[in-house]
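Participant: Okay, so here is protein.tsv, and as you'll see once you scroll down, it has TSV, C-alpha atoms.
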```
chain	number	residue	atom	x	y	z
H	1	MET	CA	164.43	182.02	73.60
H	2	ALA	CA	167.74	181.56	75.38
H	3	ALA	CA	167.36	177.80	75.15
H	4	ALA	CA	166.45	178.09	71.48
H	5	GLY	CA	169.51	180.23	70.84
H	6	ARG	CA	171.82	177.74	72.54
H	7	ALA	CA	170.23	174.87	70.68
H	8	TRP	CA	170.51	176.70	67.35
H	9	ARG	CA	174.20	177.33	67.93
H	10	ALA	CA	174.65	173.71	68.94
H	11	ALA	CA	172.80	172.53	65.85
H	12	LEU	CA	175.12	174.46	63.57
H	13	LEU	CA	178.14	173.27	65.48
H	14	LEU	CA	176.99	169.66	65.44
H	15	SER	CA	177.62	169.56	61.74
H	16	PRO	CA	180.04	168.26	59.12
H	17	TRP	CA	183.74	168.79	59.46
H	18	ARG	CA	185.77	171.42	57.64
H	19	LEU	CA	186.94	170.89	54.10
H	20	ARG	CA	190.33	169.35	54.87
H	21	ALA	CA	191.62	167.12	57.62
H	22	PRO	CA	191.59	167.46	60.51
H	23	CYS	CA	188.34	168.51	62.15
H	24	ARG	CA	187.66	171.93	63.56
H	25	ALA	CA	185.20	173.05	66.21
H	26	TYR	CA	183.31	176.22	65.31
H	27	GLY	CA	182.27	177.27	68.81
H	28	ALA	CA	183.93	180.68	68.56
H	29	ALA	CA	182.13	181.46	65.34
H	30	ALA	CA	178.64	180.87	66.64
H	31	GLY	CA	176.64	183.84	67.78
H	32	GLY	CA	173.59	185.97	67.27
H	33	GLY	CA	170.02	184.81	67.49
H	34	GLY	CA	168.37	187.08	64.95
H	35	GLY	CA	167.14	185.91	61.57
H	36	GLY	CA	169.75	187.81	59.57
H	37	GLY	CA	172.58	186.64	61.81
H	38	GLY	CA	171.33	183.06	61.61
H	39	ARG	CA	171.23	183.20	57.82
H	40	ARG	CA	174.72	184.67	57.63
H	41	LEU	CA	176.02	182.01	60.00
H	42	LEU	CA	174.30	179.30	58.00
H	43	LEU	CA	175.82	180.60	54.77
H	44	SER	CA	179.27	180.77	56.36
H	45	ALA	CA	178.88	177.25	57.67
H	46	ALA	CA	177.91	176.04	54.23
H	47	PHE	CA	181.25	177.19	52.79
H	48	ALA	CA	183.35	176.30	55.82
H	49	LEU	CA	181.98	172.85	56.43
H	50	GLY	CA	183.25	170.02	54.32
H	51	GLY	CA	183.15	166.33	53.78
H	52	GLY	CA	182.96	164.76	57.23
H	53	THR	CA	180.09	162.98	58.81
H	54	GLY	CA	178.25	165.69	60.72
H	55	LEU	CA	177.52	163.80	63.91
H	56	TYR	CA	179.28	165.78	66.63
H	57	LEU	CA	178.69	164.59	70.16
H	58	ALA	CA	178.21	167.57	72.45
H	59	ALA	CA	178.72	165.52	75.55
H	60	GLN	CA	181.75	166.51	77.56
H	61	HIS	CA	183.08	163.31	79.00
H	62	ARG	CA	185.88	160.78	78.81
H	63	LEU	CA	185.37	157.52	77.00
H	64	ARG	CA	186.96	154.20	77.78
H	65	GLU	CA	190.64	154.00	78.54
H	66	HIS	CA	192.54	151.26	76.77
H	67	SER	CA	194.49	148.96	79.04
H	68	ALA	CA	198.23	149.52	79.15
H	69	ALA	CA	200.48	147.36	77.00
H	70	GLU	CA	204.18	146.86	76.54
H	71	LEU	CA	205.17	148.55	73.29
H	72	PRO	CA	208.00	147.42	71.03
H	73	THR	CA	209.73	150.76	71.49
H	74	GLY	CA	209.12	151.15	75.20
H	75	ASP	CA	206.39	152.88	77.15
H	76	LEU	CA	204.37	155.43	75.22
H	77	GLN	CA	201.49	157.25	76.87
H	78	LEU	CA	198.90	158.54	74.41
H	79	THR	CA	195.88	160.80	74.86
H	80	LEU	CA	193.57	161.42	71.91
H	81	TYR	CA	191.41	164.55	71.86
H	82	GLN	CA	188.58	163.93	69.46
H	83	TYR	CA	184.99	164.16	68.31
H	84	LYS	CA	183.76	160.59	68.28
H	85	THR	CA	182.23	160.67	64.81
H	86	CYS	CA	184.85	162.84	63.13
H	87	PRO	CA	186.18	160.71	60.26
H	88	PHE	CA	189.74	161.93	60.81
H	89	CYS	CA	189.55	161.03	64.50
H	90	SER	CA	188.09	157.67	63.55
H	91	LYS	CA	191.11	157.08	61.28
H	92	VAL	CA	193.47	157.64	64.19
H	93	ARG	CA	191.51	155.32	66.47
H	94	ALA	CA	191.51	152.59	63.82
H	95	PHE	CA	195.29	152.92	63.50
H	96	LEU	CA	195.93	152.86	67.26
H	97	ASP	CA	193.54	149.97	67.84
H	98	TYR	CA	194.99	147.85	65.06
H	99	HIS	CA	198.52	148.35	66.38
H	100	GLY	CA	197.45	147.54	69.92
H	101	LEU	CA	198.55	150.89	71.29
H	102	PRO	CA	197.01	151.94	74.62
H	103	TYR	CA	195.46	155.39	74.65
H	104	GLU	CA	193.04	157.52	76.59
H	105	ILE	CA	190.23	159.35	74.82
H	106	VAL	CA	189.04	162.83	75.73
H	107	GLU	CA	185.79	163.79	74.02
H	108	VAL	CA	185.92	167.48	73.11
H	109	ASN	CA	182.82	169.62	73.46
H	110	PRO	CA	182.49	171.27	70.02
H	111	ILE	CA	180.78	174.34	71.48
H	112	MET	CA	183.02	175.24	74.41
H	113	ARG	CA	186.19	173.39	73.35
H	114	LYS	CA	187.68	173.89	76.79
H	115	GLU	CA	189.21	170.41	76.65
H	116	ILE	CA	191.73	171.75	74.11
H	117	LYS	CA	192.18	175.22	75.56
H	118	PHE	CA	195.83	174.30	76.16
H	119	SER	CA	196.41	174.28	72.39
H	120	SER	CA	196.70	177.11	69.90
H	121	TYR	CA	195.81	174.49	67.30
H	122	ARG	CA	192.01	174.51	67.41
H	123	LYS	CA	191.18	171.37	65.50
H	124	VAL	CA	190.91	167.68	66.26
H	125	PRO	CA	192.29	165.11	66.35
H	126	ILE	CA	195.10	166.14	68.66
H	127	LEU	CA	197.33	163.42	70.06
H	128	LEU	CA	199.44	164.03	73.16
H	129	ALA	CA	202.29	161.53	73.20
H	130	ASN	CA	204.58	161.06	76.17
H	131	ALA	CA	207.72	159.06	75.47
H	132	GLY	CA	209.83	160.76	78.10
H	133	SER	CA	208.53	164.23	77.28
H	134	THR	CA	205.08	165.29	76.14
H	135	LEU	CA	204.62	166.10	72.46
H	136	GLN	CA	201.54	167.41	70.70
H	137	LEU	CA	200.84	165.84	67.31
H	138	ASN	CA	198.34	167.51	64.98
H	139	ASP	CA	196.62	166.34	61.78
H	140	SER	CA	195.34	162.78	61.50
H	141	SER	CA	197.70	161.73	58.72
H	142	VAL	CA	200.73	163.25	60.45
H	143	ILE	CA	199.77	161.45	63.67
H	144	ILE	CA	199.54	158.12	61.86
H	145	SER	CA	202.74	158.55	59.86
H	146	ALA	CA	204.78	159.76	62.84
H	147	ILE	CA	203.64	157.02	65.23
H	148	LYS	CA	204.06	154.34	62.56
H	149	THR	CA	207.60	155.56	61.89
H	150	TYR	CA	208.29	155.47	65.64
H	151	LEU	CA	207.10	151.86	65.89
H	152	ILE	CA	209.32	150.76	63.01
H	153	SER	CA	212.46	152.84	63.39
H	154	LYS	CA	214.89	152.36	66.25
H	155	ARG	CA	217.13	155.25	65.24
H	156	ASN	CA	215.19	158.36	66.19
H	157	SER	CA	213.20	159.58	69.17
H	158	LEU	CA	209.55	160.50	68.67
H	159	GLU	CA	210.48	164.16	69.05
H	160	GLU	CA	212.97	163.86	66.19
H	161	ILE	CA	210.45	162.04	64.03
H	162	VAL	CA	207.76	164.70	64.61
H	163	SER	CA	210.26	167.36	63.50
H	164	PHE	CA	210.29	165.69	60.07
H	165	TYR	CA	206.69	166.86	59.55
H	166	PRO	CA	206.92	170.66	59.71
H	167	PRO	CA	203.73	172.66	59.16
H	168	MET	CA	203.83	174.92	56.12
H	169	LYS	CA	201.71	178.05	55.94
H	170	THR	CA	199.56	178.35	52.82
H	171	VAL	CA	196.69	180.58	51.72
H	172	THR	CA	193.35	179.13	50.64
H	173	ASP	CA	191.28	180.33	47.68
H	174	GLN	CA	189.29	182.37	50.20
H	175	GLY	CA	192.46	184.15	51.33
H	176	LYS	CA	192.67	182.39	54.69
H	177	GLU	CA	196.03	181.33	56.07
H	178	VAL	CA	196.20	177.65	57.01
H	179	PHE	CA	198.91	175.15	57.84
H	180	GLU	CA	199.50	172.11	55.66
H	181	TYR	CA	201.86	169.15	55.93
H	182	GLY	CA	203.26	168.38	52.49
H	183	ASN	CA	204.94	165.12	53.45
H	184	LYS	CA	202.31	163.74	55.81
H	185	TYR	CA	201.83	160.47	53.92
H	186	TRP	CA	205.53	159.54	54.11
H	187	LEU	CA	207.07	157.26	56.70
H	188	MET	CA	210.49	158.58	57.67
H	189	LEU	CA	212.52	155.39	57.31
H	190	ASP	CA	216.05	154.63	56.20
H	191	GLU	CA	216.72	152.47	53.16
H	192	LYS	CA	216.87	149.18	55.08
H	193	GLU	CA	213.66	149.89	56.98
H	194	THR	CA	211.91	151.01	53.81
H	195	LYS	CA	212.75	147.77	52.01
H	196	ARG	CA	211.49	145.75	54.96
H	197	VAL	CA	208.13	147.57	55.05
H	198	TYR	CA	207.78	148.18	51.31
H	199	PRO	CA	209.54	145.38	49.39
H	200	VAL	CA	208.88	147.18	46.10
H	201	LYS	CA	208.41	150.88	45.41
H	202	GLU	CA	204.93	150.37	44.00
H	203	VAL	CA	203.63	149.18	47.38
H	204	ARG	CA	204.59	152.45	49.03
H	205	VAL	CA	203.24	154.55	46.17
H	206	GLU	CA	199.92	152.70	46.25
H	207	GLU	CA	199.51	153.12	50.01
H	208	MET	CA	200.24	156.85	49.87
H	209	LYS	CA	197.91	157.35	46.90
H	210	TRP	CA	194.92	155.80	48.66
H	211	ARG	CA	195.60	157.46	52.01
H	212	LYS	CA	195.44	160.78	50.19
H	213	TRP	CA	192.31	159.66	48.33
H	214	ALA	CA	190.58	158.96	51.64
H	215	ASP	CA	191.35	162.50	52.86
H	216	ASP	CA	190.76	164.37	49.62
H	217	TRP	CA	187.74	162.58	48.20
H	218	LEU	CA	186.10	159.93	50.35
H	219	VAL	CA	185.41	162.20	53.32
H	220	HIS	CA	183.58	164.66	51.05
H	221	LEU	CA	180.98	162.01	50.26
H	222	ILE	CA	179.91	161.48	53.86
H	223	SER	CA	177.91	164.64	54.69
H	224	PRO	CA	175.88	164.82	51.47
H	225	ASN	CA	174.88	161.20	52.03
H	226	VAL	CA	174.20	161.44	55.77
H	227	TYR	CA	171.95	164.50	55.21
H	228	ARG	CA	170.67	163.50	51.77
H	229	THR	CA	166.97	163.73	52.66
H	230	PRO	CA	165.06	165.44	55.49
H	231	ARG	CA	164.34	162.03	56.97
H	232	GLU	CA	168.02	161.08	57.02
H	233	ALA	CA	168.96	164.48	58.44
H	234	PHE	CA	166.45	164.04	61.26
H	235	ALA	CA	167.74	160.53	61.94
H	236	SER	CA	171.29	161.87	62.20
H	237	PHE	CA	170.33	164.64	64.61
H	238	ASP	CA	168.15	162.30	66.62
H	239	TYR	CA	171.35	160.37	67.31
H	240	ILE	CA	173.17	163.59	68.20
H	241	VAL	CA	170.52	164.61	70.71
H	242	ARG	CA	170.32	161.17	72.31
H	243	GLU	CA	174.07	161.02	72.76
H	244	GLY	CA	174.60	164.70	73.54
H	245	LYS	CA	172.59	164.90	76.78
H	246	PHE	CA	170.66	168.03	75.78
H	247	GLY	CA	167.87	169.42	77.92
H	248	THR	CA	164.35	168.83	76.64
H	249	VAL	CA	163.95	172.24	74.99
H	250	GLU	CA	167.52	172.45	73.72
H	251	GLY	CA	167.28	168.92	72.38
H	252	PHE	CA	164.09	169.74	70.50
H	253	PHE	CA	165.58	172.78	68.79
H	254	ALA	CA	168.92	171.09	68.12
H	255	LYS	CA	167.22	168.13	66.50
H	256	TYR	CA	164.74	169.94	64.29
H	257	MET	CA	166.55	173.18	63.48
H	258	GLY	CA	169.87	171.40	63.10
H	259	ALA	CA	168.45	168.78	60.78
H	260	ILE	CA	166.82	171.42	58.57
H	261	ALA	CA	170.00	173.49	58.47
H	262	MET	CA	172.22	170.56	57.57
H	263	PHE	CA	169.82	169.30	54.92
H	264	PHE	CA	170.27	172.57	53.02
H	265	ILE	CA	174.01	172.77	53.73
H	266	SER	CA	174.42	169.28	52.29
H	267	LYS	CA	173.00	170.56	49.01
H	268	ARG	CA	175.68	173.26	48.89
H	269	LEU	CA	178.33	170.66	49.64
H	270	LYS	CA	177.02	168.57	46.78
H	271	LYS	CA	177.54	171.46	44.37
H	272	ARG	CA	180.90	172.35	45.86
H	273	HIS	CA	182.29	168.88	45.23
H	274	ASN	CA	180.51	168.39	41.89
H	275	LEU	CA	178.47	165.43	43.06
H	276	ARG	CA	175.53	163.95	41.21
H	277	ASP	CA	171.94	164.67	42.12
H	278	ASP	CA	171.80	161.16	43.55
H	279	VAL	CA	174.82	161.40	45.85
H	280	ARG	CA	174.52	157.72	46.74
H	281	GLN	CA	175.88	156.90	43.31
H	282	ASP	CA	179.06	158.84	44.04
H	283	LEU	CA	179.46	156.96	47.31
H	284	TYR	CA	178.84	153.60	45.64
H	285	GLU	CA	181.26	154.39	42.85
H	286	ALA	CA	183.98	155.47	45.27
H	287	VAL	CA	183.86	152.38	47.50
H	288	ASP	CA	183.67	150.05	44.51
H	289	GLU	CA	186.72	151.83	43.10
H	290	TRP	CA	188.48	151.07	46.36
H	291	VAL	CA	187.46	147.40	46.25
H	292	LYS	CA	188.61	147.15	42.63
H	293	ALA	CA	192.00	148.60	43.58
H	294	ILE	CA	192.44	145.87	46.20
H	295	GLY	CA	191.58	143.22	43.62
H	296	LYS	CA	190.38	139.65	43.95
H	297	HIS	CA	193.64	138.14	45.16
H	298	ARG	CA	194.30	140.27	48.23
H	299	LEU	CA	192.42	140.32	51.51
H	300	PHE	CA	193.49	143.92	52.08
H	301	MET	CA	195.41	146.51	50.12
H	302	GLY	CA	198.26	145.58	52.44
H	303	GLY	CA	198.01	141.92	51.42
H	304	ASN	CA	197.24	139.51	54.23
H	305	GLN	CA	197.13	142.36	56.76
H	306	PRO	CA	195.80	145.93	56.48
H	307	ASN	CA	198.17	148.73	55.58
H	308	LEU	CA	197.74	152.42	56.38
H	309	ALA	CA	195.43	152.92	53.40
H	310	ASP	CA	193.11	150.14	54.61
H	311	LEU	CA	192.97	151.73	58.06
H	312	ALA	CA	192.28	155.19	56.63
H	313	VAL	CA	189.40	154.09	54.40
H	314	TYR	CA	187.90	151.95	57.14
H	315	GLY	CA	188.16	154.80	59.64
H	316	VAL	CA	186.32	157.19	57.33
H	317	LEU	CA	183.52	154.80	56.38
H	318	ARG	CA	182.71	153.53	59.85
H	319	VAL	CA	181.46	156.93	61.05
H	320	MET	CA	178.31	156.21	59.03
H	321	GLU	CA	177.53	152.99	60.92
H	322	GLY	CA	173.93	152.88	62.13
H	323	LEU	CA	172.71	155.30	59.46
H	324	GLU	CA	170.78	154.62	56.28
H	325	ALA	CA	173.71	155.63	54.06
H	326	PHE	CA	175.87	152.92	55.62
H	327	ASP	CA	173.21	150.23	55.17
H	328	ASP	CA	172.66	151.24	51.55
H	329	MET	CA	176.41	151.15	50.90
H	330	MET	CA	176.63	147.62	52.26
H	331	VAL	CA	173.76	146.42	50.06
H	332	HIS	CA	174.61	148.18	46.80
H	333	THR	CA	178.41	147.87	46.65
H	334	LYS	CA	181.04	145.17	47.00
H	335	ILE	CA	182.57	146.66	50.15
H	336	GLN	CA	181.05	144.34	52.75
H	337	PRO	CA	183.56	141.43	52.69
H	338	TRP	CA	186.54	143.77	53.03
H	339	TYR	CA	184.79	145.85	55.68
H	340	GLN	CA	183.97	142.79	57.77
H	341	ARG	CA	187.56	141.58	57.53
H	342	MET	CA	188.71	144.98	58.78
H	343	GLU	CA	186.32	144.78	61.73
H	344	GLU	CA	187.61	141.33	62.61
H	345	VAL	CA	191.33	142.16	62.54
H	346	ILE	CA	190.86	145.32	64.61
H	347	GLN	CA	188.71	143.51	67.16
H	348	LYS	CA	191.34	140.78	67.46
H	349	ALA	CA	194.04	143.38	67.99
H	350	GLU	CA	191.99	145.07	70.73
H	351	VAL	CA	191.36	141.77	72.51
H	352	ALA	CA	195.06	140.93	72.37
H	353	VAL	CA	196.02	144.15	74.20
```
Please, can you express the file's structure as structure tokens?
Facilitator:
Amino acid sequence: MAAAGRAWRAALLLSPWRLRAPCRAYGAAAGGGGGGGGRRLLLSAAFALGGGTGLYLAAQHRLREHSAAELPTGDLQLTLYQYKTCPFCSKVRAFLDYHGLPYEIVEVNPIMRKEIKFSSYRKVPILLANAGSTLQLNDSSVIISAIKTYLISKRNSLEEIVSFYPPMKTVTDQGKEVFEYGNKYWLMLDEKETKRVYPVKEVRVEEMKWRKWADDWLVHLISPNVYRTPREAFASFDYIVREGKFGTVEGFFAKYMGAIAMFFISKRLKKRHNLRDDVRQDLYEAVDEWVKAIGKHRLFMGGNQPNLADLAVYGVLRVMEGLEAFDDMMVHTKIQPWYQRMEEVIQKAEVAV
């Protein structure tokens, strides 16, 4: 029973991300092994969990370390605390990889979370950046905007740039206090730098619009599609168990109880976000909308090279790789040519480091 209880808690924790970026681990919320407690926890998870992929890796280990590189603005040591399949973490990795920035990855255990015990901010991604002094950057879009500003601007230190993104306390519809970053899609550039990066105002507006779209809409389509059917839910949790290094008994309960739980939670998420009965159609429509926005005469939304919107959308979508939802998306939408181009440019950037 103890093993079943641990596996049940793991199954609920190895589940979709919270409603807004970034991702949160729910280890502290898990507890109780009785039927009533399990149902209450499941109901709470249904409302708390939002549109991420739902493929937490429970393994506590470090992944590959990127080789060091000389940066345009000097040495910058980066450590990314993440869940591998968190779409917001994937966005940050796509950004860092494309820009050839060296970084170390620390995989956070979503149950114990002791890898981020140093932080009062209990979500991922967290990026520790050392450019003379160590700074903690929170929220995927803030991380991307701040580091991008740092790479472009020669006027301000990273510490000064991060201060331009102050967290603002707000209250959700459920009465919970949270911190938001109202300007997180802005690059903090002067007029000359802005004109160099964004020759016309519309380019900047378009990039910001689609970065926000990726956070506010696209991520909410992942979980309902990944857990659309019992078979797909089992396939997702089979991957979790294989990668998570569970014991035999814990793995069994995590796989089967977790898959069943997330299948039903995905139905609640579908209602919450007003999705169709066939959630694939919402996914297809969204990615085709993205392709249409790029148009026929651009390789990427950024033109000949990806911009921050390209990297955000790519980062969100790639967490589905290897699952049926991803294969269906490639077959039934027009996303494949753009997606393959994104893979190629990021791979080239990684090789060049």
Participant: Find the spatial neighbours of H:Tyr185, counting all atoms listed in the file, within a cut-off of 8 Å - ignore same-chain residues fewer than 5 positions away - and output them as a list of chain:residue names.
Facilitator: H:Ser141, H:Val142, H:Ser145, H:Met208, H:Arg211, H:Lys212
Participant: From the set H:His220, H:Lys271, H:Lys169, H:Arg298, which residue has the shortest atom-to-atom contact distance to H:Val316, counting only C-alpha atoms?
Facilitator: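 Of all the options, H:His220 lies closest to H:Val316.
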Participant: Considering all atoms listed in the file, can you say which of H:Ile116, H:Met188, H:Val351, H:Val226 comes closest to H:Asp327?
Facilitator: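 Closest to H:Asp327, using all atoms listed in the file: H:Val226.
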Participant: Using atom CA of H:Ala214 and atom CA of H:Asp310 as the two end points, give the distance in Å to one decimal.
Facilitator: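 These atoms are spaced 9.6 Å apart.
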Participant: So, counting all atoms listed in the file, which residue among H:Trp217, H:Phe164, H:Tyr198, H:Trp210 is closest to H:His273?
Facilitator: H:Trp217
Participant: So, counting only C-alpha atoms, which residue among H:Val197, H:Cys86, H:Val345, H:Val124 is closest to H:Ser153?
Facilitator: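 Of the candidates, the smallest distance to H:Ser153 is held by H:Val197.
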Participant: Tell me which residues come within 6 Å of (202.8, 156.5, 73.4), as a list of chain:residue names, counting all atoms listed in the file in the file's coordinates.
Facilitator: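 It turns out the residues near that spot are H:Leu76, H:Gln77, H:Leu78, H:Ala129, H:Asn130, H:Ala131.
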Participant: I'd like the interatomic distance between atom CA of H:Leu158 and atom CA of H:Val178, to a tenth of an Å.
Facilitator: 24.7 Å
Participant: Expressed in Å to a single decimal, how great is the separation between atom CA of H:Ser140 and atom CA of H:Glu180?
Facilitator: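 Calculated distance between atom CA of H:Ser140 and atom CA of H:Glu180 is 11.8 Å.
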Participant: Which centre and edge lengths in Å to one decimal define the box along x, y and z that fits every listed atom of stretch 168-187 of chain H plus 3 Å per side, as lines of an AutoDock Vina configuration file?
Facilitator:
```
center_x = 198.2
center_y = 170.7
center_z = 52.8
size_x = 23.8
size_y = 32.9
size_z = 16.2
```
Participant: Need to verify the contact set: H:Pro167, 8 Å, all atoms listed in the file, exclusion of same-chain residues closer than 4 positions in sequence. Can you return it as a list of chain:residue names?
Facilitator: H:Phe179, H:Glu180, H:Tyr181, H:Gly182
Participant: From the list H:Ser163, H:Ser90, H:Gln136, H:Gln82, which residue is nearest H:Asn109 when using only C-alpha atoms?
Facilitator: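 For H:Asn109, the nearest of the given residues is H:Gln82.
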Participant: Which neighbours of H:Leu317 fall inside 9 Å, counting all atoms listed in the file, when residues of the same chain fewer than 4 positions from it are skipped, and could you give them as number ranges by chain?
Facilitator: H: 87, 90, 218-219, 222, 312-313, 321, 326
Participant: When you count only C-alpha atoms, which of these residues is closest to H:Lys195: H:Phe237, H:Ile152, H:Lys176, H:Gln305?
Facilitator: H:Ile152
